[in-house]
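Below is input06.csv, holding CSV, C-alpha atoms.
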chain,number,residue,atom,x,y,z
A,1,MET,CA,0.0,0.0,0.0
A,2,ARG,CA,1.4,3.4,-1.0
A,3,ALA,CA,-0.5,6.0,1.0
A,4,GLY,CA,-0.7,9.6,-0.2
A,5,PRO,CA,-1.7,12.9,1.4
A,6,GLY,CA,-5.3,12.9,2.7
A,7,GLN,CA,-5.3,9.2,3.5
A,8,VAL,CA,-5.7,7.9,7.0
A,9,LEU,CA,-3.4,5.1,8.3
A,10,ALA,CA,-4.1,2.9,11.3
A,11,GLY,CA,-7.5,4.7,11.7
A,12,ARG,CA,-5.9,7.9,13.2
A,13,TYR,CA,-2.9,9.3,11.2
A,14,ARG,CA,-4.1,11.6,8.4
A,15,LEU,CA,-1.2,12.2,5.9
A,16,THR,CA,-0.4,15.8,5.1
A,17,ASP,CA,2.8,15.4,3.1
A,18,ARG,CA,5.0,12.7,1.6
A,19,PRO,CA,8.7,13.9,1.6
A,20,GLY,CA,9.9,10.4,0.5
A,21,PRO,CA,8.7,7.0,-0.7
A,22,LEU,CA,9.0,5.6,2.9
A,23,ARG,CA,8.4,8.7,4.9
A,24,ALA,CA,5.2,10.7,5.6
A,25,VAL,CA,4.2,13.6,7.7
A,26,ALA,CA,0.8,13.2,9.3
A,27,VAL,CA,-1.6,14.6,12.0
A,28,ASP,CA,-2.7,12.3,14.8
A,29,GLU,CA,-6.5,12.9,14.7
A,30,ARG,CA,-6.8,11.7,18.3
A,31,THR,CA,-4.4,14.3,19.7
A,32,GLY,CA,-4.0,16.9,17.0
A,33,GLU,CA,-0.2,16.5,17.1
A,34,PRO,CA,2.0,16.4,14.0
A,35,VAL,CA,3.9,13.1,13.6
A,36,LEU,CA,6.5,11.6,11.3
A,37,LEU,CA,5.9,8.1,9.9
A,38,ARG,CA,8.7,6.0,8.6
A,39,ALA,CA,8.0,2.9,6.7
A,40,LEU,CA,9.8,-0.4,6.4
A,41,GLU,CA,8.9,-2.8,3.6
A,42,LEU,CA,8.0,-6.2,4.9
A,43,PRO,CA,8.9,-9.3,2.8
A,44,ALA,CA,6.3,-11.8,1.8
A,45,LEU,CA,7.8,-14.1,4.4
A,46,LEU,CA,6.2,-11.9,7.1
A,47,THR,CA,3.0,-10.9,5.4
A,48,ASN,CA,2.4,-14.3,3.8
A,49,GLY,CA,0.5,-12.6,1.0
A,50,HIS,CA,-2.2,-11.2,3.4
A,51,GLU,CA,-4.0,-8.1,2.3
A,52,PHE,CA,-4.2,-5.1,4.6
A,53,GLU,CA,-7.7,-5.9,5.9
A,54,ASP,CA,-6.7,-9.5,6.8
A,55,GLU,CA,-5.4,-10.4,10.2
A,56,ILE,CA,-1.8,-9.4,10.7
A,57,PRO,CA,0.6,-12.4,10.6
A,58,ALA,CA,2.2,-13.4,13.8
A,59,GLN,CA,5.7,-12.5,12.7
A,60,ALA,CA,4.7,-9.0,11.7
A,61,ASP,CA,2.8,-8.6,15.0
A,62,ARG,CA,6.0,-9.7,16.9
A,63,LEU,CA,8.0,-6.9,15.1
A,64,VAL,CA,5.4,-4.4,16.2
A,65,ARG,CA,5.6,-5.5,19.8
A,66,ARG,CA,9.4,-5.4,19.8
A,67,VAL,CA,9.4,-1.9,18.4
A,68,ALA,CA,6.8,-0.8,20.9
A,69,ALA,CA,8.9,-2.2,23.8
A,70,VAL,CA,11.8,0.0,22.8
A,71,GLY,CA,9.6,3.0,22.6
A,72,SER,CA,8.2,2.3,26.1
A,73,ALA,CA,11.6,1.9,27.6
A,74,ALA,CA,12.9,5.2,26.1
A,75,PRO,CA,13.0,8.2,28.4
A,76,THR,CA,10.3,10.8,27.5
A,77,TRP,CA,11.6,13.6,29.7
A,78,HIS,CA,14.7,14.6,27.7
A,79,PRO,CA,14.2,17.8,25.7
A,80,ARG,CA,16.5,16.6,22.9
A,81,LEU,CA,14.8,13.2,22.3
A,82,LEU,CA,11.9,12.9,19.9
A,83,ARG,CA,9.2,10.8,21.5
A,84,GLY,CA,8.3,7.5,19.7
A,85,PHE,CA,4.6,6.5,19.7
A,86,GLY,CA,4.9,2.9,18.5
A,87,ALA,CA,4.4,1.0,15.3
A,88,PHE,CA,1.8,-0.6,13.1
A,89,VAL,CA,1.5,-2.7,10.0
A,90,GLU,CA,-0.5,-1.6,7.0
A,91,GLY,CA,-0.4,-3.8,4.0
A,92,GLU,CA,3.2,-4.7,3.2
A,93,LEU,CA,4.7,-1.9,5.3
A,94,LEU,CA,5.7,-1.6,8.9
A,95,TRP,CA,5.2,2.0,10.0
A,96,THR,CA,6.9,3.7,13.0
A,97,VAL,CA,5.5,6.8,14.6
A,98,GLU,CA,7.3,9.7,16.3
A,99,GLU,CA,6.6,13.3,17.2
A,100,ARG,CA,7.4,15.9,14.5
A,101,PRO,CA,7.8,19.5,15.8
A,102,ALA,CA,8.6,22.2,13.3
A,103,GLY,CA,12.1,22.0,11.9
A,104,VAL,CA,14.2,20.5,9.1
A,105,PRO,CA,16.2,17.3,8.9
A,106,LEU,CA,19.9,17.7,9.6
A,107,ALA,CA,20.5,16.1,6.3
A,108,GLU,CA,19.1,19.1,4.5
A,109,LEU,CA,21.3,21.5,6.3
A,110,ALA,CA,24.4,19.3,5.7
A,111,ALA,CA,23.6,19.1,2.0
A,112,ALA,CA,24.2,22.9,1.8
A,113,GLY,CA,27.9,22.5,2.6
A,114,PRO,CA,30.2,22.0,5.6
A,115,VAL,CA,28.8,23.2,8.9
A,116,PRO,CA,31.0,25.7,10.8
A,117,PRO,CA,32.9,24.0,13.7
A,118,TYR,CA,31.1,25.8,16.6
A,119,ARG,CA,27.7,25.3,15.1
A,120,ALA,CA,28.6,21.6,14.6
A,121,ALA,CA,29.7,21.5,18.3
A,122,GLU,CA,26.3,22.9,19.4
A,123,LEU,CA,24.4,20.2,17.4
A,124,ALA,CA,26.7,17.5,18.7
A,125,ALA,CA,26.3,18.6,22.3
A,126,ASP,CA,22.5,18.3,21.9
A,127,LEU,CA,22.9,14.8,20.5
A,128,ALA,CA,25.4,13.7,23.1
A,129,GLY,CA,22.9,14.8,25.8
A,130,ALA,CA,20.1,12.7,24.1
A,131,LEU,CA,22.4,9.7,23.8
A,132,ARG,CA,23.4,10.0,27.5
A,133,ALA,CA,19.7,9.8,28.5
A,134,LEU,CA,19.2,6.7,26.4
A,135,HIS,CA,22.3,5.0,27.7
A,136,GLU,CA,21.3,5.7,31.3
A,137,ALA,CA,18.0,4.0,30.5
A,138,GLY,CA,19.8,0.9,29.4
A,139,LEU,CA,19.2,1.5,25.7
A,140,SER,CA,21.4,2.2,22.7
A,141,HIS,CA,20.3,4.1,19.6
A,142,GLY,CA,21.9,2.4,16.7
A,143,ASN,CA,20.5,4.8,14.1
A,144,LEU,CA,22.3,8.1,14.6
A,145,THR,CA,22.5,9.6,11.1
A,146,ALA,CA,21.8,13.0,9.6
A,147,GLU,CA,18.4,11.7,8.5
A,148,SER,CA,17.4,10.9,12.1
A,149,VAL,CA,18.2,14.3,13.5
A,150,LEU,CA,15.7,17.2,13.4
A,151,VAL,CA,17.0,20.8,13.7
A,152,CYS,CA,14.2,22.8,15.2
A,153,GLU,CA,13.3,26.4,14.6
A,154,ASP,CA,15.2,27.6,17.7
A,155,GLY,CA,18.4,25.8,16.3
A,156,ALA,CA,18.3,22.9,18.8
A,157,ALA,CA,19.0,19.4,17.5
A,158,MET,CA,16.6,16.6,18.4
A,159,LEU,CA,17.4,13.0,18.0
A,160,GLY,CA,14.8,10.7,16.4
A,161,GLY,CA,14.8,7.5,14.5
A,162,LEU,CA,15.0,5.2,17.5
A,163,LEU,CA,12.0,3.2,16.6
A,164,SER,CA,12.8,2.9,12.9
A,165,GLY,CA,16.3,1.8,13.7
A,166,ALA,CA,14.9,-0.8,16.2
A,167,ALA,CA,12.5,-2.0,13.5
A,168,GLU,CA,15.3,-2.5,11.0
A,169,GLU,CA,17.5,-4.4,13.5
A,170,ALA,CA,14.5,-6.6,14.5
A,171,LEU,CA,13.7,-7.4,10.9
A,172,ALA,CA,17.3,-8.3,10.1
A,173,GLU,CA,17.5,-10.6,13.1
A,174,ASP,CA,14.1,-12.1,12.3
A,175,LEU,CA,15.1,-12.9,8.7
A,176,GLY,CA,18.8,-13.6,9.1
A,177,GLY,CA,19.1,-15.0,12.6
A,178,PRO,CA,21.0,-13.5,15.5
A,179,GLY,CA,24.3,-13.3,13.6
A,180,GLY,CA,26.2,-14.6,10.7
A,181,ARG,CA,26.4,-14.0,7.0
A,182,ARG,CA,22.6,-14.0,6.3
A,183,ARG,CA,21.9,-11.4,8.9
A,184,TYR,CA,24.7,-9.3,7.5
A,185,ASP,CA,23.2,-9.5,4.0
A,186,VAL,CA,19.7,-8.6,5.2
A,187,ARG,CA,21.0,-5.7,7.2
A,188,ALA,CA,23.1,-4.5,4.3
A,189,THR,CA,19.9,-4.4,2.2
A,190,LEU,CA,17.9,-2.5,4.8
A,191,VAL,CA,20.6,0.0,6.0
A,192,GLY,CA,22.8,0.5,2.9
A,193,PRO,CA,26.3,2.0,2.9
A,194,VAL,CA,25.7,4.7,5.6
A,195,ALA,CA,28.9,4.9,7.6
A,196,GLU,CA,27.2,5.8,10.9
A,197,ARG,CA,25.3,2.6,10.8
A,198,TRP,CA,28.3,0.3,10.7
A,199,PRO,CA,30.4,0.5,13.9
A,200,LEU,CA,32.5,-2.5,14.8
A,201,ASP,CA,30.6,-2.8,18.1
A,202,GLY,CA,27.1,-2.0,19.2
A,203,GLY,CA,25.8,-0.5,22.4
A,204,PRO,CA,26.7,3.0,23.8
A,205,ALA,CA,30.2,2.8,22.4
A,206,GLY,CA,28.8,2.2,18.9
A,207,ASP,CA,26.6,5.3,19.3
A,208,CYS,CA,29.6,7.4,20.3
A,209,TRP,CA,31.5,6.1,17.3
A,210,ALA,CA,28.5,7.1,15.1
A,211,LEU,CA,28.5,10.6,16.6
A,212,GLY,CA,32.2,11.0,15.7
A,213,VAL,CA,31.5,10.0,12.1
A,214,LEU,CA,28.5,12.3,11.9
A,215,LEU,CA,30.6,15.2,13.3
A,216,GLN,CA,33.2,14.7,10.7
A,217,ARG,CA,30.6,14.5,8.0
A,218,LEU,CA,29.1,17.8,9.1
A,219,LEU,CA,32.4,19.5,9.3
A,220,THR,CA,33.8,18.4,6.0
A,221,GLY,CA,30.6,17.7,3.9
A,222,ARG,CA,31.5,14.0,3.4
A,223,SER,CA,31.8,10.8,5.2
A,224,PRO,CA,35.3,9.9,6.6
A,225,PHE,CA,34.8,6.4,5.3
A,226,PRO,CA,34.2,5.3,1.7
A,227,GLU,CA,30.5,4.7,1.0
A,228,GLY,CA,30.5,3.1,-2.5
A,229,ASP,CA,28.9,-0.1,-1.2
A,230,VAL,CA,28.6,-2.0,2.1
A,231,PRO,CA,31.5,-4.4,1.7
A,232,GLU,CA,33.9,-1.5,0.9
A,233,LEU,CA,32.6,0.5,3.8
A,234,VAL,CA,32.7,-2.4,6.3
A,235,THR,CA,36.3,-3.2,5.3
A,236,ALA,CA,37.4,0.4,5.7
A,237,VAL,CA,35.8,0.5,9.2
A,238,ARG,CA,37.4,-2.7,10.2
A,239,ASP,CA,40.9,-1.5,9.0
A,240,ALA,CA,40.3,2.0,10.6
A,241,ARG,CA,41.0,3.5,7.2
A,242,HIS,CA,39.4,6.9,7.1
A,243,GLU,CA,40.1,10.5,6.2
A,244,PRO,CA,42.3,12.1,8.8
A,245,SER,CA,40.4,13.9,11.5
A,246,ALA,CA,42.8,16.9,11.3
A,247,VAL,CA,40.4,18.4,8.8
A,248,CYS,CA,37.9,18.9,11.6
A,249,GLY,CA,39.6,22.0,13.0
A,250,PRO,CA,39.1,22.6,16.7
A,251,LEU,CA,37.0,19.4,17.0
A,252,ALA,CA,39.7,17.2,15.5
A,253,PRO,CA,41.0,15.7,18.8
A,254,LEU,CA,37.5,14.8,19.9
A,255,VAL,CA,36.5,13.3,16.5
A,256,GLU,CA,39.8,11.3,16.5
A,257,ARG,CA,39.0,9.8,19.9
A,258,LEU,CA,35.4,9.0,18.9
A,259,VAL,CA,36.2,7.1,15.7
A,260,GLN,CA,39.1,5.0,17.0
A,261,PRO,CA,38.6,1.2,16.8
A,262,ASP,CA,39.0,0.5,20.6
A,263,PRO,CA,35.6,1.1,22.2
A,264,VAL,CA,37.2,1.3,25.7
A,265,LEU,CA,39.2,4.4,24.7
A,266,ARG,CA,36.3,6.3,23.3
A,267,PRO,CA,34.7,9.0,25.5
A,268,THR,CA,31.2,8.3,26.8
A,269,ALA,CA,28.2,10.4,25.7
A,270,GLU,CA,28.4,12.4,28.9
A,271,ALA,CA,32.1,13.0,28.5
A,272,VAL,CA,31.5,14.3,25.0
A,273,ARG,CA,28.7,16.6,26.2
A,274,ARG,CA,31.0,18.1,28.9
A,275,GLU,CA,33.9,18.5,26.5
A,276,LEU,CA,31.7,20.3,23.9
A,277,ALA,CA,30.1,22.5,26.5
A,278,ALA,CA,33.6,23.6,27.6
A,279,LEU,CA,34.5,24.3,24.0
A,280,LEU,CA,31.4,26.4,23.5
A,281,VAL,CA,32.1,28.5,26.5
A,282,GLY,CA,35.0,30.1,24.6
A,283,ALA,CA,33.2,30.2,21.3
A,284,PRO,CA,32.4,33.5,19.6
A,285,GLU,CA,28.9,34.9,20.3
A,286,PRO,CA,26.9,33.9,18.4
A,287,ALA,CA,28.8,30.7,17.6
A,288,ASP,CA,29.3,31.4,14.0
A,289,GLU,CA,32.7,31.2,12.3
A,290,GLU,CA,31.8,33.7,9.6
A,291,ARG,CA,31.2,36.3,12.3
A,292,ALA,CA,34.2,35.1,14.3
A,293,GLY,CA,36.5,35.5,11.3
A,294,ARG,CA,35.6,39.1,10.8
A,295,GLU,CA,38.1,41.7,12.0
A,296,LEU,CA,37.0,43.4,15.2
A,297,VAL,CA,36.8,47.2,15.1
A,298,VAL,CA,37.7,48.8,18.4
A,299,ARG,CA,35.6,51.9,19.0
A,300,PRO,CA,37.4,55.0,20.6
A,301,ASP,CA,36.8,55.6,24.3
A,302,GLY,CA,35.3,59.0,23.7
A,303,PRO,CA,32.1,59.8,21.9
A,304,LEU,CA,32.0,59.7,18.2
A,305,VAL,CA,32.0,63.0,16.2
A,306,PRO,CA,29.0,63.2,14.0
A,307,LEU,CA,28.4,65.6,11.1
A,308,VAL,CA,26.3,68.6,11.9
A,309,PRO,CA,22.9,67.9,10.5
A,310,ARG,CA,22.0,71.3,9.0
A,311,ARG,CA,21.2,72.7,5.6
A,312,ARG,CA,24.0,74.3,3.7
A,313,GLY,CA,24.1,77.3,1.4
A,314,ARG,CA,26.0,77.4,-1.8
A,315,GLY,CA,29.8,77.3,-1.2
A,316,GLU,CA,29.2,76.7,2.5
A,317,ARG,CA,31.3,73.8,3.9
A,318,VAL,CA,30.1,71.2,6.4
A,319,GLU,CA,31.8,71.5,9.8
A,320,ARG,CA,32.1,68.7,12.4
A,321,ALA,CA,30.6,69.3,15.8
A,322,ALA,CA,33.2,69.7,18.6
A,323,ARG,CA,33.5,67.2,21.4
A,324,PRO,CA,31.9,68.5,24.6
A,325,GLY,CA,34.4,70.5,26.6
A,326,ALA,CA,36.9,70.7,23.8
A,327,GLU,CA,38.6,74.1,23.1
A,328,ARG,CA,37.9,75.8,19.7
A,329,PRO,CA,40.9,75.9,17.5
A,330,PRO,CA,42.5,79.4,17.1
A,331,ARG,CA,41.4,81.4,14.0
A,332,VAL,CA,45.0,82.5,13.2
A,333,PRO,CA,47.7,79.8,13.2
A,334,PRO,CA,50.4,80.5,15.8
A,335,ALA,CA,53.2,80.4,13.1
A,336,LEU,CA,51.8,83.6,11.4
A,337,LEU,CA,51.5,85.7,14.6
A,338,GLY,CA,55.2,86.9,14.4
A,339,PRO,CA,55.2,88.1,10.8
A,340,LEU,CA,51.8,89.8,11.2
A,341,LEU,CA,53.0,91.7,14.3
A,342,VAL,CA,56.2,93.0,12.5
A,343,GLY,CA,54.1,94.0,9.5
A,344,GLY,CA,51.7,95.9,11.7
A,345,VAL,CA,54.4,97.8,13.5
A,346,PHE,CA,56.0,98.8,10.1
A,347,LEU,CA,52.6,99.9,8.8
A,348,LEU,CA,52.1,102.2,11.8
A,349,LEU,CA,55.6,103.8,11.3
A,350,VAL,CA,54.7,104.5,7.7
A,351,LEU,CA,51.4,106.1,8.6
A,352,GLY,CA,53.1,108.2,11.3
A,353,VAL,CA,55.8,109.6,9.0
A,354,THR,CA,53.1,110.4,6.4
A,355,ALA,CA,51.1,112.3,8.9
A,356,VAL,CA,54.2,114.4,10.0
A,357,VAL,CA,55.0,115.4,6.4
A,358,LEU,CA,51.4,116.4,5.8
A,359,PHE,CA,51.1,118.6,8.9
A,360,ALA,CA,54.6,120.2,8.2
A,361,GLY,CA,53.3,121.4,4.8
Encoded form (structure tokens):
Amino acid sequence: MRAGPGQVLAGRYRLTDRPGPLRAVAVDERTGEPVLLRALELPALLTNGHEFEDEIPAQADRLVRRVAAVGSAAPTWHPRLLRGFGAFVEGELLWTVEERPAGVPLAELAAAGPVPPYRAAELAADLAGALRALHEAGLSHGNLTAESVLVCEDGAAMLGGLLSGAAEEALAEDLGGPGGRRRYDVRATLVGPVAERWPLDGGPAGDCWALGVLLQRLLTGRSPFPEGDVPELVTAVRDARHEPSAVCGPLAPLVERLVQPDPVLRPTAEAVRRELAALLVGAPEPADEERAGRELVVRPDGPLVPLVPRRRGRGERVERAARPGAERPPRVPPALLGPLLVGGVFLLLVLGVTAVVLFAG
């Protein structure tokens, strides 16, 4: 079933937009809240050829319950975590539901070019706080990518995608078993060559590794690992073969520690949050490298001298207003006082001699 705007799914979610083939924005008609729906295609093995109105097969129902369990265990109090509302099956699709406040996906912002370091640090600090809350609740995220992050209108980053990531992992395990080549093949088909989704280890350490990869992607505009296909990507991750983190500027030391192969040596989400907070304390205000790169103009201590705002006649020049308390400049330059004085005395002598001659007849 390929739903379009105006259609209602699960009897309550009325679609308002369809930004992608497996994504939809809807309104929950029971609560009036906007939500984001992500779809996962279910193979015939799970649906058994049943149509939408038939009873949901037991395997698909098990997936829905597993996803719902993850959503129930996730903390709902953290301001940087998007709430997940559960999952449902409609036709051949498994849909996950999460809140959708106003904002744009981080992927759209990243597509415009590299993100300045201090702005990237702000976003990463928000995400590290969200990860910390999940890890303290005994959960790992496993789906930290630019597509799962929403940047809200106030600039804050909110982490979503928890339920859709859980659905993909559950389906890969259901079809391929708990491990081995078959599970790898199924997961490669579901996830694709997205570097953040292929850490060597799972759990909280894997989330922190993904955060380091995402940071470098934001700072450079590209993945630090090759993403031609899944085998190439996985091999590069296993061999720790990636673009040097030195290209990440002031965040290079942190990124280098996050993407190192040994999970024991990686900082925790809380340590990352504290380190980024300390970095942002010394950031320009606002944290914008374009503004920070501009040359600062130091204003003089005294008041500025504005132009006198008055009309001028023809040939009249504009004068500058004097500073309060300042002396007016002399009308005659001091260097001319001496010659003028001598000239004046000489003129008086000439006038005196002339007067004597006139009176003497």
For Leu93 (chain A), work out the shell of residues within 7 Å, counting all atoms listed in the file and skipping chain neighbours fewer than 5 positions away, then give it as a compact mmCIF listing (two decimals) with C-alpha atoms, in the frame of the given file.
# COMPACT_ATOMS: atom_id res chain seq x y z
CA ALA A 39 8.00 2.90 6.70
CA LEU A 40 9.80 -0.40 6.40
CA GLU A 41 8.90 -2.80 3.60
CA LEU A 42 8.00 -6.20 4.90
Rows by chain and residue number, region 138-186 of chain A within 12 Å of region 22-33 of chain A, shortest pair, all atoms listed in the file, as a tab-separated table:
residue	atom	partner	partner_atom	distance
A:Glu147	CA	A:Arg23	CA	11.0
A:Ser148	CA	A:Arg23	CA	11.7
A:Gly161	CA	A:Arg23	CA	11.6
A:Ser164	CA	A:Arg23	CA	10.8
Worksheet item: Which residue gives the smallest distance to Leu109 (chain A) among A:His135, A:Arg217, A:Arg18, A:Arg241, with only C-alpha atoms counted?
Response: A:Arg217
Practice prompt. Tell me which of A:Glu173, A:Glu122, A:Glu275, A:Glu196 sits closest to Val237 (chain A), counting all atoms listed in the file.
Written response: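 Once distances to Val237 (chain A) are computed over all atoms listed in the file, the minimum belongs to A:Glu196.
Pairwise distance (CA of Val186 (chain A), CA of Val97 (chain A)) equals 23.0 Å.
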Practice prompt. Give me the residues within 12 Å of Asp61 (chain A) as a ChimeraX atom specification, counting all atoms listed in the file and dropping any in the same chain fewer than 2 places off.
Written response: /A:42,46-47,55-59,63-68,87-90,93-95,167,170-171
